[in-house]
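For reference, the structure discussed in these notes is given below.
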Amino acid sequence: MRANVREKRSPGTKHGWKGLAFGALLLLGAGCVNSSDRIELLDQDWTHLAGARMVDDGVRIEGLGRAIVPTDDDEDQTPIANPPINLRGPVLKVKGDFALSARVSRPAASKGGAYLTIYGELPLTQDEWRQEGRAVTLGLEGDSLIVELQNGIADPERYAYSLPNSAMSQGVNVSLARIGDRFSIQIDDETVALINDPGLFDSGFLWFGASARENDEYLLQSLTAHPLDKRSEVTVVDNQMPVLSAEEEESAPTGPATASLRRLAEKNHPQLYIGTAVATIPLLSDQKYARILAREFNMVTPENAMKFQFIHPRPDRYAFADADAIVDFAEANDMAIHGHTLAWKEALPRWVTEPDHSDARIRDILAEHIATVVGRYKGRIQSWDVVNEPFEPFGAELRTASPWYQVMGKDYIAFALEEAHRADPEAKLYINDYALEDPGPKSDAMYELAKSLLAQGVPLHGIGFQMHEDMTDDYWPVEASVFRDNVQRFIDLGLEVRISEMDVNLQDDDSEERLQQQAEYFRSILELALDKPAFTAFSMWGFTDRYSSLQEWWDADGFGNGLIFDAEHQPKPAYFSLQEALQE
Ligand code: 9MR
């Protein structure tokens, strides 16, 4: 088990990329369209942008108020906006000087914000742990145009300009041109500002996000792009969902075996899925990430995209785009999906935690949420972490802080399992927690809980052992043999078990010796899972240090180093040790 509960970086900690060529990683589909003309971007696909609706006269953007709400008691609890990004929509490749022009109108009564964000580098939206990217945001707030420059490191630079009186309901044209190393900002063809560009679009690729303030909306009537001179180029990139080809399947790193982890498992140990957590932004923007994922794994767990505040940001609004992208990708690449997570104390939106809901309403919220999310993916998601981390970090007591516990007491667990079962009777339902692998009070409490749920006939099928481990001079993870003895009693109850979120964090020690020890440890746990047919999955919390929620992702020698590929997507000794174990 982890020595300390994960150390969270303060939200909004921002750092720039270091030595990593992001542009080269983009998903370049087959059909690039070259054009020196003005491109209307609203002709492209905006259906996957959460809160957006394509209408006759443009794209209507509705404010979902999606925000990351830190739950750690020590942290500033101010929500950090997590505005939707059109990851599956148009991506632009740009060279030289170019202009983007948006025509925007708002309902007359609107005083709220209408925002368009143009990203040169995408943020890493990790629920509570967000790392900013590089972007320009254009916003209409009241009678002002706001321009925000986010360089990934510092707080954004913010500028405000007055809008003409007519700019409310009739609409206003706002343009951003990159000319040399400056941005020129225009309102209705009048230049209002020249601002130095700190290289925000140096990657050469642009993504778009659009959002409105919560409960507000606006109409994006047009969004065009064009090059400003003959040497410049603006091209729409076809951002396709990658599907692994037969040759790519053959390109697994050659170590003790020549096949990928998933192929070895499918051939030699078909009872066990080889899984990983997956994050949507790298999935849709980093081709290498997506291809390693499809090649090496046959199960994915959405790291954050199905958490409550992501997928259900307002009482009557769901935001399925990111979760759908993962499900589509998994199906296209013949991978199973493990859903994560339905009843947890964390990742709740403000509308659930803040108001004084009646007890009946809290029950309804949870039941409706589970019915909708599980129902949407019925028959497509094989198993779910229905209840996540019900126990205190290192104790035998149930966590009491969630609205679910506050209203239903410990019965919320059975309630959530019953609702999930009703929504998809075929899905396998799990309780998932950390620090369970050692025998001890927490593990004993989980055992007693599982036993009593089964005795009551509650549809519980398995237990997820997260296995977030630390390996440092001061702390060593639990021996596989100790875990083996402890897990048997759960298996004896007739339950399935899975390794659900394994990582072995080395902090900043990535010496050869430590990497070997990490490899041996990963192998020892996989061998244990291979040995007992009750294990259904060996799943890690990501596969590349580059996007690990623990990694200083701006730094290739970063902090966590806990996964089996390094921050440059190169296999580490741990990868080869898993290959070896699967081959035997
Ligand atoms: O990796 C996840 C990180 O990006 C989120 O900010 C955080 C809070 O939602 O959750 C992390 O994932 C956790 C998982 O959902 C439950 N078990 C512990 C995981 C790692 O801390």
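We name chains A, B, ... following the order of the structure tokens; residues begin at 1 in each chain, and ligands are numbered from 1 as shown.
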
Closest pair table for chain A residues within 6 Å of ligand 1, only C-alpha atoms and all ligand atoms, as a Markdown table:
```
| residue | atom | partner | partner_atom_place_in_ligand_line | distance |
| --- | --- | --- | --- | --- |
| A:Gln126 | CA | ligand 1 | 4 (O) | 3.6 |
| A:Asp127 | CA | ligand 1 | 6 (O) | 4.0 |
| A:Glu128 | CA | ligand 1 | 6 (O) | 3.8 |
| A:Trp129 | CA | ligand 1 | 6 (O) | 4.3 |
| A:Glu303 | CA | ligand 1 | 1 (O) | 5.8 |
| A:Ala347 | CA | ligand 1 | 9 (O) | 5.3 |
| A:Ser549 | CA | ligand 1 | 1 (O) | 4.9 |
```

If DSSP is run on the backbone, what residues of stretch 200-301 of chain A are helix (DSSP H, G or I)? A reply as a PyMOL selection string would be ideal. chain A and resi 246-249+261-268+280-285+287-296

Distance query stretch 335-346 of chain A at most 6 Å, only C-alpha atoms, self and fewer than 2 positions along chain excluded, as a PyMOL selection string: chain A and resi 298-301+307+330-331+333+348+381-388+402

Stretch 406-415 of chain A: which residues within 8 Å, counting only C-alpha atoms, same-chain residues fewer than 2 positions away excluded, as a ChimeraX atom specification? /A:343,359,362-363,387,398,400-404,417-419,453,458

Pick out the residues sitting within 9 Å of stretch 85-96 of chain A, and hand them over as a ChimeraX atom specification; count only C-alpha atoms, and ignore anything fewer than 3 positions along from it in its own chain. /A:41-42,44-50,117,122,178-180,201,203-211,225,227-229,231-241,280-281,284-285,321-322,325

Just write the chosen residues, N, CA and C atoms, as a CSV table (one decimal), in the first residue's frame.
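What ended up in again.csv:
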```
chain,number,residue,atom,x,y,z
A,41,LEU,N,-15.0,26.7,-39.9
A,41,LEU,CA,-14.8,25.6,-39.0
A,41,LEU,C,-16.2,25.0,-38.5
A,42,LEU,N,-17.2,25.8,-38.5
A,42,LEU,CA,-18.5,25.3,-38.1
A,42,LEU,C,-19.1,24.2,-39.0
A,44,GLN,N,-17.4,21.7,-39.8
A,44,GLN,CA,-16.9,20.5,-39.3
A,44,GLN,C,-17.8,19.9,-38.1
A,45,ASP,N,-17.3,18.9,-37.5
A,45,ASP,CA,-18.1,18.2,-36.5
A,45,ASP,C,-18.0,18.9,-35.1
A,46,TRP,N,-19.1,19.4,-34.6
A,46,TRP,CA,-19.1,20.0,-33.2
A,46,TRP,C,-20.1,19.2,-32.3
A,47,THR,N,-20.5,18.0,-32.8
A,47,THR,CA,-21.4,17.3,-32.0
A,47,THR,C,-20.8,16.6,-30.8
A,48,HIS,N,-19.5,16.5,-30.7
A,48,HIS,CA,-18.8,15.9,-29.6
A,48,HIS,C,-18.4,16.9,-28.5
A,49,LEU,N,-18.7,18.2,-28.7
A,49,LEU,CA,-18.3,19.2,-27.7
A,49,LEU,C,-19.5,19.2,-26.6
A,50,ALA,N,-19.1,18.9,-25.4
A,50,ALA,CA,-20.1,18.9,-24.3
A,50,ALA,C,-20.7,20.3,-24.2
A,117,THR,N,-11.9,29.2,-26.6
A,117,THR,CA,-10.5,29.0,-26.3
A,117,THR,C,-9.8,28.3,-27.4
A,122,LEU,N,-2.8,21.3,-25.3
A,122,LEU,CA,-3.9,21.0,-24.5
A,122,LEU,C,-3.5,20.9,-23.0
A,178,ARG,N,-2.4,36.0,-35.7
A,178,ARG,CA,-1.0,35.9,-35.3
A,178,ARG,C,-0.2,36.5,-36.4
A,179,ILE,N,0.5,37.5,-36.1
A,179,ILE,CA,1.3,38.2,-37.1
A,179,ILE,C,2.7,38.3,-36.5
A,180,GLY,N,3.6,37.5,-37.0
A,180,GLY,CA,5.0,37.4,-36.4
A,180,GLY,C,4.9,37.0,-35.0
A,201,PHE,N,1.2,29.1,-29.9
A,201,PHE,CA,0.8,28.2,-30.9
A,201,PHE,C,2.0,27.6,-31.7
A,203,SER,N,3.3,24.8,-31.4
A,203,SER,CA,3.1,23.4,-31.7
A,203,SER,C,2.7,23.3,-33.2
A,204,GLY,N,2.1,24.3,-33.7
A,204,GLY,CA,1.6,24.2,-35.1
A,204,GLY,C,0.2,23.6,-35.2
A,205,PHE,N,-0.4,23.3,-34.1
A,205,PHE,CA,-1.7,22.7,-34.1
A,205,PHE,C,-2.7,23.4,-33.2
A,206,LEU,N,-3.9,23.6,-33.6
A,206,LEU,CA,-4.9,24.3,-32.8
A,206,LEU,C,-6.1,23.4,-32.5
A,207,TRP,N,-6.5,23.4,-31.3
A,207,TRP,CA,-7.8,22.8,-30.9
A,207,TRP,C,-8.7,23.9,-30.4
A,208,PHE,N,-10.0,23.6,-30.4
A,208,PHE,CA,-11.0,24.6,-30.0
A,208,PHE,C,-11.8,24.1,-28.8
A,209,GLY,N,-12.1,25.1,-27.9
A,209,GLY,CA,-13.0,24.8,-26.8
A,209,GLY,C,-14.0,26.0,-26.8
A,210,ALA,N,-15.2,25.7,-26.4
A,210,ALA,CA,-16.2,26.8,-26.3
A,210,ALA,C,-17.1,26.5,-25.1
A,211,SER,N,-17.4,27.5,-24.4
A,211,SER,CA,-18.2,27.3,-23.2
A,211,SER,C,-18.9,28.7,-22.8
A,225,ALA,N,-11.1,30.5,-40.4
A,225,ALA,CA,-9.6,30.6,-40.3
A,225,ALA,C,-9.1,30.9,-41.7
A,227,PRO,N,-5.1,31.9,-43.8
A,227,PRO,CA,-3.7,32.4,-43.8
A,227,PRO,C,-3.6,33.9,-44.2
A,228,LEU,N,-2.6,34.6,-43.7
A,228,LEU,CA,-2.6,36.0,-44.0
A,228,LEU,C,-1.6,36.4,-45.2
A,229,ASP,N,-0.8,35.4,-45.6
A,229,ASP,CA,0.0,35.7,-46.8
A,229,ASP,C,0.3,34.4,-47.5
A,231,ARG,N,3.0,32.7,-47.9
A,231,ARG,CA,3.9,31.7,-47.3
A,231,ARG,C,3.2,31.0,-46.1
A,232,SER,N,2.1,31.5,-45.7
A,232,SER,CA,1.4,30.9,-44.5
A,232,SER,C,0.4,29.8,-45.0
A,233,GLU,N,0.1,28.9,-44.0
A,233,GLU,CA,-0.9,27.9,-44.3
A,233,GLU,C,-1.8,27.6,-43.2
A,234,VAL,N,-3.0,27.3,-43.5
A,234,VAL,CA,-4.0,26.9,-42.5
A,234,VAL,C,-4.7,25.6,-43.1
A,235,THR,N,-4.6,24.5,-42.4
A,235,THR,CA,-5.1,23.3,-42.9
A,235,THR,C,-6.0,22.6,-41.9
A,236,VAL,N,-7.1,22.0,-42.3
A,236,VAL,CA,-7.9,21.2,-41.3
A,236,VAL,C,-7.3,19.8,-41.2
A,237,VAL,N,-7.1,19.3,-40.1
A,237,VAL,CA,-6.5,18.0,-39.9
A,237,VAL,C,-7.7,17.1,-39.5
A,238,ASP,N,-7.7,15.9,-40.1
A,238,ASP,CA,-8.7,14.9,-39.9
A,238,ASP,C,-8.3,14.1,-38.6
A,239,ASN,N,-9.0,14.4,-37.5
A,239,ASN,CA,-8.6,13.9,-36.2
A,239,ASN,C,-9.3,12.5,-36.0
A,240,GLN,N,-8.8,11.5,-36.6
A,240,GLN,CA,-9.5,10.2,-36.5
A,240,GLN,C,-9.2,9.4,-35.3
A,241,MET,N,-10.2,8.6,-34.9
A,241,MET,CA,-10.0,7.7,-33.8
A,241,MET,C,-9.0,6.5,-34.3
A,280,THR,N,-8.6,11.0,-21.7
A,280,THR,CA,-9.2,11.3,-23.0
A,280,THR,C,-8.2,12.3,-23.8
A,281,ILE,N,-7.7,13.2,-23.1
A,281,ILE,CA,-6.9,14.2,-23.9
A,281,ILE,C,-5.7,13.6,-24.6
A,284,LEU,N,-6.8,11.4,-27.6
A,284,LEU,CA,-7.3,12.0,-28.8
A,284,LEU,C,-6.3,13.0,-29.4
A,285,SER,N,-5.1,13.2,-28.8
A,285,SER,CA,-4.2,14.1,-29.3
A,285,SER,C,-2.8,13.6,-29.4
A,321,ALA,N,-19.3,13.2,-23.8
A,321,ALA,CA,-18.4,13.1,-25.0
A,321,ALA,C,-17.1,12.4,-24.7
A,322,ASP,N,-16.5,12.7,-23.6
A,322,ASP,CA,-15.2,12.1,-23.3
A,322,ASP,C,-15.3,10.6,-23.0
A,325,ALA,N,-15.9,8.8,-26.2
A,325,ALA,CA,-14.7,8.6,-27.0
A,325,ALA,C,-13.9,7.4,-26.6
```
